[in-house]
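Data block below; observations after.
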Amino acid sequence: REGGNKFSGQFFAAYTNHGMTSNNLSDEITAKGVTTVPSITKIYDYSPSFGGPIKKDKLWFYSTYRKNGSNGTYANVFFDSDPAKPGPNPNILWDDTTRLTSQATARNKFSGFHDKQFRHQPYRTSSPTQSPEASAGTRYPSMYIAQAKWTAPVTSKLLAEFAGSYYHEEQTFIPSPSWPGPSVYPEFEISTGKFTKAAPASGGLLNPNTYNPMIYWNLVGSVAYVTGSLAFKVGWSDYFGTSVTERPDWLPTLRFSNGAPLQVQMTALPSTS
């Protein structure tokens with residue numbers, strides 16, 4: 001939305017908690033080795049938005065904010081330190097967007113857009129084969145996009161459009177909050193295919209010691225000419241950027257077979273690519 005000469009807005013909200021859920025854990029499911037099912041403590045989602053004129057007939061804005069998240073537990077996931085304690089599954093996400101639109105002159109329209117997001121999933125890789133202590137989380141401390149566009153009907157037959165965008169994202173894959181620390185070796189039991197004790201440098205669903213910054217630019221432009229039943233349009237696009245993956249040193253994974261030491265799995269670290 002671009003906004004307009006009248007202030008307006010809206011609000012959306014949704015919520016549920018444990019009292020609005022059910023449990024389908026039956027004897028048949030338990031017989032297959034599943035002792036717990038996913039649980040929900042809460043799920044929430046709310047989004048206010050508002051827009052209007054900054055200068056009537058010249059400059060407008062429209063902004064939206066959204067936050068959603070959930071909390072609960074995974075199915076059949078338990079702590080190494082407490083085999084009766086279910087593994088948590090919290091998630092937090094928010095998004096903030098603003099658009100500015102300016103009708104500078106009758107033939108020149110400018111618009112700007114900015115969107116910033118945040119996401120944190122501290123126990124993202126917890127599963128029946130990866131305990132909470134051995135799981136990895138994802139956190140995006142900086143993730144945003146900025147765009148600008150110019151549109152100009154130069155004449156009744158000639159239209160020019162030019163736009164550019166800048167995208168910035170920082171991904172961090174980190175050990176879960178239950179990680180016991182850098183001095184504890186990750187362990188892997190080959191008879192069950194399960195990681196325990198600490199997050200492994202490789203072999204798990206995500207590598208916990210990874211920093212991945214990305215920057216991308218996108219530039220586009222076009223000119224269109226229309227006369228009678230004929231139309232001609234020419235344009236160009238240039239997309240470029242960088243993506244880097246940095247991983248510090250990490251302890252090797254100790255591999256066991258039915259509890260007996262078997263192998264030590266090494267990963268070539270530190271690394272940058």
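All residue names refer to the structure tokens as shown: chains lettered A, B, ... in order, residues numbered from 1 in each chain, ligands numbered from 1 in order.
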Do you have, as a Markdown table, the list of residues of region 47-151 of chain A lying at most 10 Å from region 11-14 of chain A, each with its nearest atom pair and that distance in Å to one decimal, counting only C-alpha atoms and ordered by chain then number?
```
| residue | atom | partner | partner_atom | distance |
| --- | --- | --- | --- | --- |
| A:Ser47 | CA | A:Phe12 | CA | 5.1 |
| A:Pro48 | CA | A:Phe11 | CA | 4.3 |
| A:Ser49 | CA | A:Phe11 | CA | 6.3 |
| A:Phe50 | CA | A:Phe11 | CA | 8.8 |
| A:Thr64 | CA | A:Phe11 | CA | 9.5 |
| A:Tyr65 | CA | A:Phe11 | CA | 9.7 |
| A:Arg66 | CA | A:Phe12 | CA | 9.0 |
| A:Lys67 | CA | A:Ala13 | CA | 9.6 |
| A:Asn68 | CA | A:Ala14 | CA | 9.1 |
```
Could you make a table, as JSON lines, of the residues of region 47-111 of chain A that have an atom within 9 Å of an atom of region 143-165 of chain A, each with its nearest atom pair and distance in Å to one decimal, counting only C-alpha atoms, in chain and number order?
```
{"residue": "A:Ala106", "atom": "CA", "partner": "A:Ala152", "partner_atom": "CA", "distance": 8.8}
{"residue": "A:Arg107", "atom": "CA", "partner": "A:Ala152", "partner_atom": "CA", "distance": 5.3}
{"residue": "A:Asn108", "atom": "CA", "partner": "A:Ala152", "partner_atom": "CA", "distance": 4.8}
{"residue": "A:Lys109", "atom": "CA", "partner": "A:Thr151", "partner_atom": "CA", "distance": 5.2}
{"residue": "A:Phe110", "atom": "CA", "partner": "A:Trp150", "partner_atom": "CA", "distance": 4.6}
{"residue": "A:Ser111", "atom": "CA", "partner": "A:Lys149", "partner_atom": "CA", "distance": 5.2}
```
I need the chosen residues saved as an mmCIF file, in the first residue's frame, with C-alpha atoms.
```cif
data_model
loop_
_atom_site.group_PDB
_atom_site.id
_atom_site.type_symbol
_atom_site.label_atom_id
_atom_site.label_comp_id
_atom_site.auth_asym_id
_atom_site.auth_seq_id
_atom_site.Cartn_x
_atom_site.Cartn_y
_atom_site.Cartn_z
ATOM 1 C CA ALA A 106 2.694 15.734 -12.666
ATOM 2 C CA ARG A 107 5.180 13.604 -14.597
ATOM 3 C CA ASN A 108 7.562 12.421 -11.856
ATOM 4 C CA LYS A 109 6.630 9.861 -9.237
ATOM 5 C CA PHE A 110 9.105 8.529 -6.679
ATOM 6 C CA SER A 111 8.663 5.716 -4.177
#
```
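Using only C-alpha atoms, the contacts of His120 (chain A) at a cut-off of 9 Å, with sequence neighbours closer than 2 positions omitted, comprise A:Pro90, A:Asn91, A:Ile92, A:Leu93, A:Phe118, A:Pro122, A:Arg124, A:Gly137, A:Thr138, A:Arg139, A:Tyr140, A:Pro141.
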Those same residues - N, CA, C and O atoms - I'd like them written as a compact mmCIF listing (two decimals), in the first residue's frame.
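This went into out-v2.txt:
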```txt
# COMPACT_ATOMS: atom_id res chain seq x y z
N PRO A 90 10.65 -22.90 20.93
CA PRO A 90 10.20 -21.50 20.83
C PRO A 90 10.62 -20.88 19.50
O PRO A 90 11.67 -21.22 18.93
N ASN A 91 9.81 -19.97 19.00
CA ASN A 91 10.10 -19.27 17.75
C ASN A 91 9.62 -17.82 17.86
O ASN A 91 8.51 -17.57 18.34
N ILE A 92 10.44 -16.90 17.39
CA ILE A 92 10.08 -15.48 17.40
C ILE A 92 10.41 -14.88 16.04
O ILE A 92 11.53 -15.05 15.53
N LEU A 93 9.46 -14.17 15.46
CA LEU A 93 9.67 -13.49 14.19
C LEU A 93 8.96 -12.13 14.22
O LEU A 93 7.87 -12.02 14.78
N PHE A 118 13.36 -9.85 11.65
CA PHE A 118 14.16 -10.53 12.67
C PHE A 118 13.58 -11.91 12.88
O PHE A 118 12.35 -12.09 12.87
N PRO A 122 15.81 -20.78 18.57
CA PRO A 122 16.95 -21.26 19.35
C PRO A 122 17.14 -22.77 19.37
O PRO A 122 18.25 -23.24 19.61
N ARG A 124 16.16 -24.93 16.74
CA ARG A 124 15.63 -25.28 15.42
C ARG A 124 15.88 -26.73 15.02
O ARG A 124 15.04 -27.37 14.39
N GLY A 137 20.61 -23.50 16.74
CA GLY A 137 19.56 -22.53 16.52
C GLY A 137 19.94 -21.57 15.41
O GLY A 137 21.10 -21.48 15.01
N THR A 138 18.95 -20.86 14.90
CA THR A 138 19.20 -19.83 13.89
C THR A 138 18.78 -18.47 14.44
O THR A 138 17.78 -18.35 15.13
N ARG A 139 19.58 -17.49 14.10
CA ARG A 139 19.29 -16.13 14.52
C ARG A 139 19.70 -15.18 13.39
O ARG A 139 20.81 -15.31 12.86
N TYR A 140 18.82 -14.28 13.02
CA TYR A 140 19.09 -13.32 11.97
C TYR A 140 19.13 -11.92 12.61
O TYR A 140 18.10 -11.24 12.68
N PRO A 141 20.29 -11.49 13.09
CA PRO A 141 20.36 -10.20 13.79
C PRO A 141 20.14 -9.00 12.88
O PRO A 141 19.75 -7.93 13.34
```
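Nearest to Asn5 (chain A) of all the residues A:Ser102, A:Asn209, A:Ser176, A:Ser202 is A:Ser102, counting only C-alpha atoms.
If you measure from each of A:Thr242, A:Ser8, A:Thr16, A:Thr253 to Glu169 (chain A) using only C-alpha atoms, the closest one turns out to be A:Thr242.
Distance check against Ala198 (chain A) using only C-alpha atoms: of A:Leu251, A:Leu269, A:Ala224, A:Ala134, the minimum falls on A:Ala134.
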Do you know which residues are at most 10 Å from Lys197 (chain A) counting only C-alpha atoms, after dropping those on the same chain fewer than 5 positions away, and could you put them as a list in words?
-> Phe79, Asp80, Ser81, Gln130, Ser131, Pro132, Glu133, Ala134, Ser135, Ser178, Trp179, Pro180, Gly181, Val184, Tyr185, Pro186, Glu187 and Phe188 of chain A
File dump, residues just selected, N, CA, C and O atoms, as a compact mmCIF listing (two decimals), in the first residue's frame:
```txt
# COMPACT_ATOMS: atom_id res chain seq x y z
N PHE A 79 15.82 -33.94 26.98
CA PHE A 79 17.15 -33.48 27.36
C PHE A 79 18.05 -34.65 27.76
O PHE A 79 17.58 -35.63 28.36
N ASP A 80 19.35 -34.50 27.47
CA ASP A 80 20.32 -35.49 27.96
C ASP A 80 20.39 -35.44 29.48
O ASP A 80 20.49 -36.48 30.15
N SER A 81 20.33 -34.21 30.01
CA SER A 81 20.47 -34.04 31.45
C SER A 81 19.23 -34.45 32.23
O SER A 81 19.29 -34.71 33.43
N GLN A 130 18.54 -35.65 17.67
CA GLN A 130 19.44 -34.57 18.08
C GLN A 130 18.86 -33.92 19.33
O GLN A 130 17.85 -33.22 19.27
N SER A 131 19.49 -34.18 20.46
CA SER A 131 18.97 -33.70 21.73
C SER A 131 19.05 -32.17 21.81
O SER A 131 19.79 -31.54 21.05
N PRO A 132 18.30 -31.54 22.73
CA PRO A 132 18.36 -30.08 22.88
C PRO A 132 19.78 -29.56 23.13
O PRO A 132 20.15 -28.51 22.62
N GLU A 133 20.56 -30.30 23.91
CA GLU A 133 21.94 -29.87 24.17
C GLU A 133 22.80 -29.92 22.89
O GLU A 133 23.76 -29.17 22.75
N ALA A 134 22.45 -30.82 21.97
CA ALA A 134 23.22 -31.00 20.74
C ALA A 134 22.62 -30.28 19.55
O ALA A 134 23.14 -30.38 18.43
N SER A 135 21.56 -29.54 19.75
CA SER A 135 20.89 -28.89 18.62
C SER A 135 21.50 -27.52 18.34
O SER A 135 22.23 -26.96 19.15
N SER A 178 20.82 -24.57 25.55
CA SER A 178 21.17 -25.67 26.47
C SER A 178 22.54 -26.26 26.19
O SER A 178 22.93 -27.25 26.82
N TRP A 179 23.27 -25.69 25.25
CA TRP A 179 24.63 -26.14 24.95
C TRP A 179 25.49 -26.05 26.21
O TRP A 179 25.55 -25.01 26.85
N PRO A 180 26.18 -27.11 26.60
CA PRO A 180 26.95 -27.09 27.86
C PRO A 180 28.24 -26.29 27.78
O PRO A 180 28.85 -26.03 28.82
N GLY A 181 28.68 -25.91 26.59
CA GLY A 181 29.88 -25.09 26.49
C GLY A 181 30.92 -25.65 25.55
O GLY A 181 30.85 -26.80 25.11
N VAL A 184 32.88 -29.26 25.92
CA VAL A 184 32.17 -30.55 25.87
C VAL A 184 32.16 -31.09 24.44
O VAL A 184 31.75 -30.40 23.51
N TYR A 185 32.60 -32.32 24.28
CA TYR A 185 32.66 -32.94 22.96
C TYR A 185 31.28 -33.42 22.52
O TYR A 185 30.56 -34.04 23.29
N PRO A 186 30.90 -33.16 21.27
CA PRO A 186 29.68 -33.76 20.74
C PRO A 186 29.84 -35.27 20.62
O PRO A 186 30.94 -35.77 20.35
N GLU A 187 28.75 -36.00 20.81
CA GLU A 187 28.79 -37.46 20.68
C GLU A 187 27.72 -37.93 19.70
O GLU A 187 26.64 -37.34 19.61
N PHE A 188 28.05 -39.01 18.97
CA PHE A 188 27.12 -39.58 18.00
C PHE A 188 27.10 -41.10 18.17
O PHE A 188 28.14 -41.75 18.15
```
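For the atom pair formed by CA of Leu206 (chain A) and CA of Gly259 (chain A), the distance is 24.5 Å, given to one decimal.
Of the residues under consideration (A:Pro270, A:Phe256, A:Tyr216, A:Asn89), A:Tyr216 shows the shortest atom-to-atom contact distance to Tyr239 (chain A) when counting only C-alpha atoms.
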Go through region 61-250 of chain A and collect every residue that DSSP, computed from the backbone, puts in strand (DSSP E or B); the answer should be as number ranges by chain.
-> A: 61-78, 86-88, 91-105, 108-121, 127, 130, 136-153, 158-175, 187-189, 194-196, 210-227, 230-243, 246-247
Using C-alpha atoms, can you write the selected residues to a file as a CSV table (one decimal), in the first residue's frame?
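Just written: again04.csv:
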```
chain,number,residue,atom,x,y,z
A,61,PHE,CA,3.4,7.0,3.8
A,62,TYR,CA,2.2,3.6,4.9
A,63,SER,CA,3.8,1.4,7.6
A,64,THR,CA,3.1,-2.1,8.9
A,65,TYR,CA,4.5,-4.0,11.8
A,66,ARG,CA,4.0,-7.7,12.4
A,67,LYS,CA,5.1,-10.0,15.2
A,68,ASN,CA,4.4,-13.7,15.4
A,69,GLY,CA,5.8,-16.5,17.4
A,70,SER,CA,5.1,-19.7,19.2
A,71,ASN,CA,6.1,-21.8,22.2
A,72,GLY,CA,5.7,-25.5,22.9
A,73,THR,CA,7.6,-28.7,22.8
A,74,TYR,CA,8.8,-31.2,20.1
A,75,ALA,CA,7.5,-34.8,19.9
A,76,ASN,CA,9.8,-37.4,21.4
A,77,VAL,CA,12.6,-35.0,22.1
A,78,PHE,CA,14.2,-35.0,25.6
A,86,PRO,CA,10.5,-32.5,26.8
A,87,GLY,CA,12.6,-30.5,24.3
A,88,PRO,CA,11.3,-26.9,23.9
A,91,ASN,CA,10.1,-19.3,17.7
A,92,ILE,CA,10.1,-15.5,17.4
A,93,LEU,CA,9.7,-13.5,14.2
A,94,TRP,CA,8.9,-9.8,13.5
A,95,ASP,CA,8.7,-7.6,10.4
A,96,ASP,CA,8.6,-3.9,10.0
A,97,THR,CA,7.8,-2.2,6.6
A,98,THR,CA,7.4,1.4,5.5
A,99,ARG,CA,6.7,2.8,2.1
A,100,LEU,CA,7.0,6.4,1.0
A,101,THR,CA,5.4,7.7,-2.2
A,102,SER,CA,5.9,11.2,-3.7
A,103,GLN,CA,4.2,12.7,-6.7
A,104,ALA,CA,6.9,15.3,-7.1
A,105,THR,CA,5.5,16.7,-10.3
A,108,ASN,CA,7.6,12.4,-11.9
A,109,LYS,CA,6.6,9.9,-9.2
A,110,PHE,CA,9.1,8.5,-6.7
A,111,SER,CA,8.7,5.7,-4.2
A,112,GLY,CA,10.8,4.2,-1.4
A,113,PHE,CA,10.4,1.0,0.5
A,114,HIS,CA,12.1,-0.4,3.5
A,115,ASP,CA,11.5,-3.8,5.1
A,116,LYS,CA,13.4,-5.1,8.2
A,117,GLN,CA,12.9,-8.5,9.7
A,118,PHE,CA,14.2,-10.5,12.7
A,119,ARG,CA,14.0,-14.3,13.3
A,120,HIS,CA,15.2,-16.4,16.2
A,121,GLN,CA,14.7,-20.2,16.5
A,127,SER,CA,14.7,-33.8,16.9
A,130,GLN,CA,19.4,-34.6,18.1
A,136,ALA,CA,21.6,-25.7,16.8
A,137,GLY,CA,19.6,-22.5,16.5
A,138,THR,CA,19.2,-19.8,13.9
A,139,ARG,CA,19.3,-16.1,14.5
A,140,TYR,CA,19.1,-13.3,12.0
A,141,PRO,CA,20.4,-10.2,13.8
A,142,SER,CA,20.2,-8.1,10.6
A,143,MET,CA,18.0,-8.7,7.7
A,144,TYR,CA,16.5,-5.9,5.6
A,145,ILE,CA,15.8,-4.6,2.1
A,146,ALA,CA,15.7,-1.1,0.8
A,147,GLN,CA,14.2,-0.1,-2.6
A,148,ALA,CA,13.7,3.1,-4.6
A,149,LYS,CA,11.8,3.6,-7.8
A,150,TRP,CA,11.3,6.5,-10.3
A,151,THR,CA,8.4,6.5,-12.8
A,152,ALA,CA,8.0,9.2,-15.4
A,153,PRO,CA,5.5,9.4,-18.3
A,158,LEU,CA,6.9,7.6,-23.7
A,159,LEU,CA,7.2,6.0,-20.2
A,160,ALA,CA,10.5,5.7,-18.3
A,161,GLU,CA,11.0,3.5,-15.1
A,162,PHE,CA,14.1,3.0,-13.1
A,163,ALA,CA,14.5,1.2,-9.8
A,164,GLY,CA,17.2,-0.1,-7.4
A,165,SER,CA,17.3,-2.3,-4.4
A,166,TYR,CA,19.8,-3.2,-1.7
A,167,TYR,CA,19.5,-6.5,0.3
A,168,HIS,CA,21.4,-7.2,3.5
A,169,GLU,CA,21.2,-10.4,5.6
A,170,GLU,CA,23.3,-11.9,8.4
A,171,GLN,CA,22.6,-15.5,9.2
A,172,THR,CA,24.1,-17.0,12.4
A,173,PHE,CA,23.8,-20.7,13.2
A,174,ILE,CA,24.6,-21.0,16.9
A,175,PRO,CA,24.4,-23.7,19.6
A,187,GLU,CA,28.8,-37.5,20.7
A,188,PHE,CA,27.1,-39.6,18.0
A,189,GLU,CA,25.7,-43.1,18.5
A,194,LYS,CA,21.5,-39.7,17.5
A,195,PHE,CA,23.7,-36.7,18.4
A,196,THR,CA,24.0,-35.9,22.1
A,210,THR,CA,28.5,-20.5,11.2
A,211,TYR,CA,28.2,-16.8,10.3
A,212,ASN,CA,26.9,-16.1,6.8
A,213,PRO,CA,26.6,-12.4,5.8
A,214,MET,CA,25.1,-11.6,2.4
A,215,ILE,CA,24.8,-8.3,0.4
A,216,TYR,CA,23.0,-8.0,-2.9
A,217,TRP,CA,22.2,-5.1,-5.3
A,218,ASN,CA,19.6,-5.1,-8.0
A,219,LEU,CA,19.4,-2.3,-10.6
A,220,VAL,CA,16.7,-2.2,-13.3
A,221,GLY,CA,15.5,0.3,-15.8
A,222,SER,CA,13.2,0.4,-18.9
A,223,VAL,CA,11.8,2.8,-21.5
A,224,ALA,CA,8.6,2.1,-23.3
A,225,TYR,CA,7.2,3.8,-26.3
A,226,VAL,CA,3.6,3.3,-27.5
A,227,THR,CA,2.1,4.7,-30.6
A,230,LEU,CA,2.6,-0.6,-31.9
A,231,ALA,CA,4.7,-0.8,-28.7
A,232,PHE,CA,8.4,-0.8,-28.2
A,233,LYS,CA,10.2,-1.4,-24.9
A,234,VAL,CA,13.8,-1.7,-24.0
A,235,GLY,CA,15.3,-2.3,-20.6
A,236,TRP,CA,18.2,-3.6,-18.6
A,237,SER,CA,18.9,-5.4,-15.3
A,238,ASP,CA,22.0,-5.9,-13.2
A,239,TYR,CA,22.1,-8.1,-10.1
A,240,PHE,CA,25.3,-8.5,-8.1
A,241,GLY,CA,26.5,-9.1,-4.5
A,242,THR,CA,28.6,-11.2,-2.1
A,243,SER,CA,27.9,-14.1,0.3
A,246,GLU,CA,32.8,-18.0,8.2
A,247,ARG,CA,33.2,-20.9,10.6
```
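CA of Asp82 (chain A) is found 21.2 Å from CA of Leu254 (chain A).
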Interatomic distance (Å, one decimal) between CA of Ser271 (chain A) and CA of Pro248 (chain A) = 6.6 Å
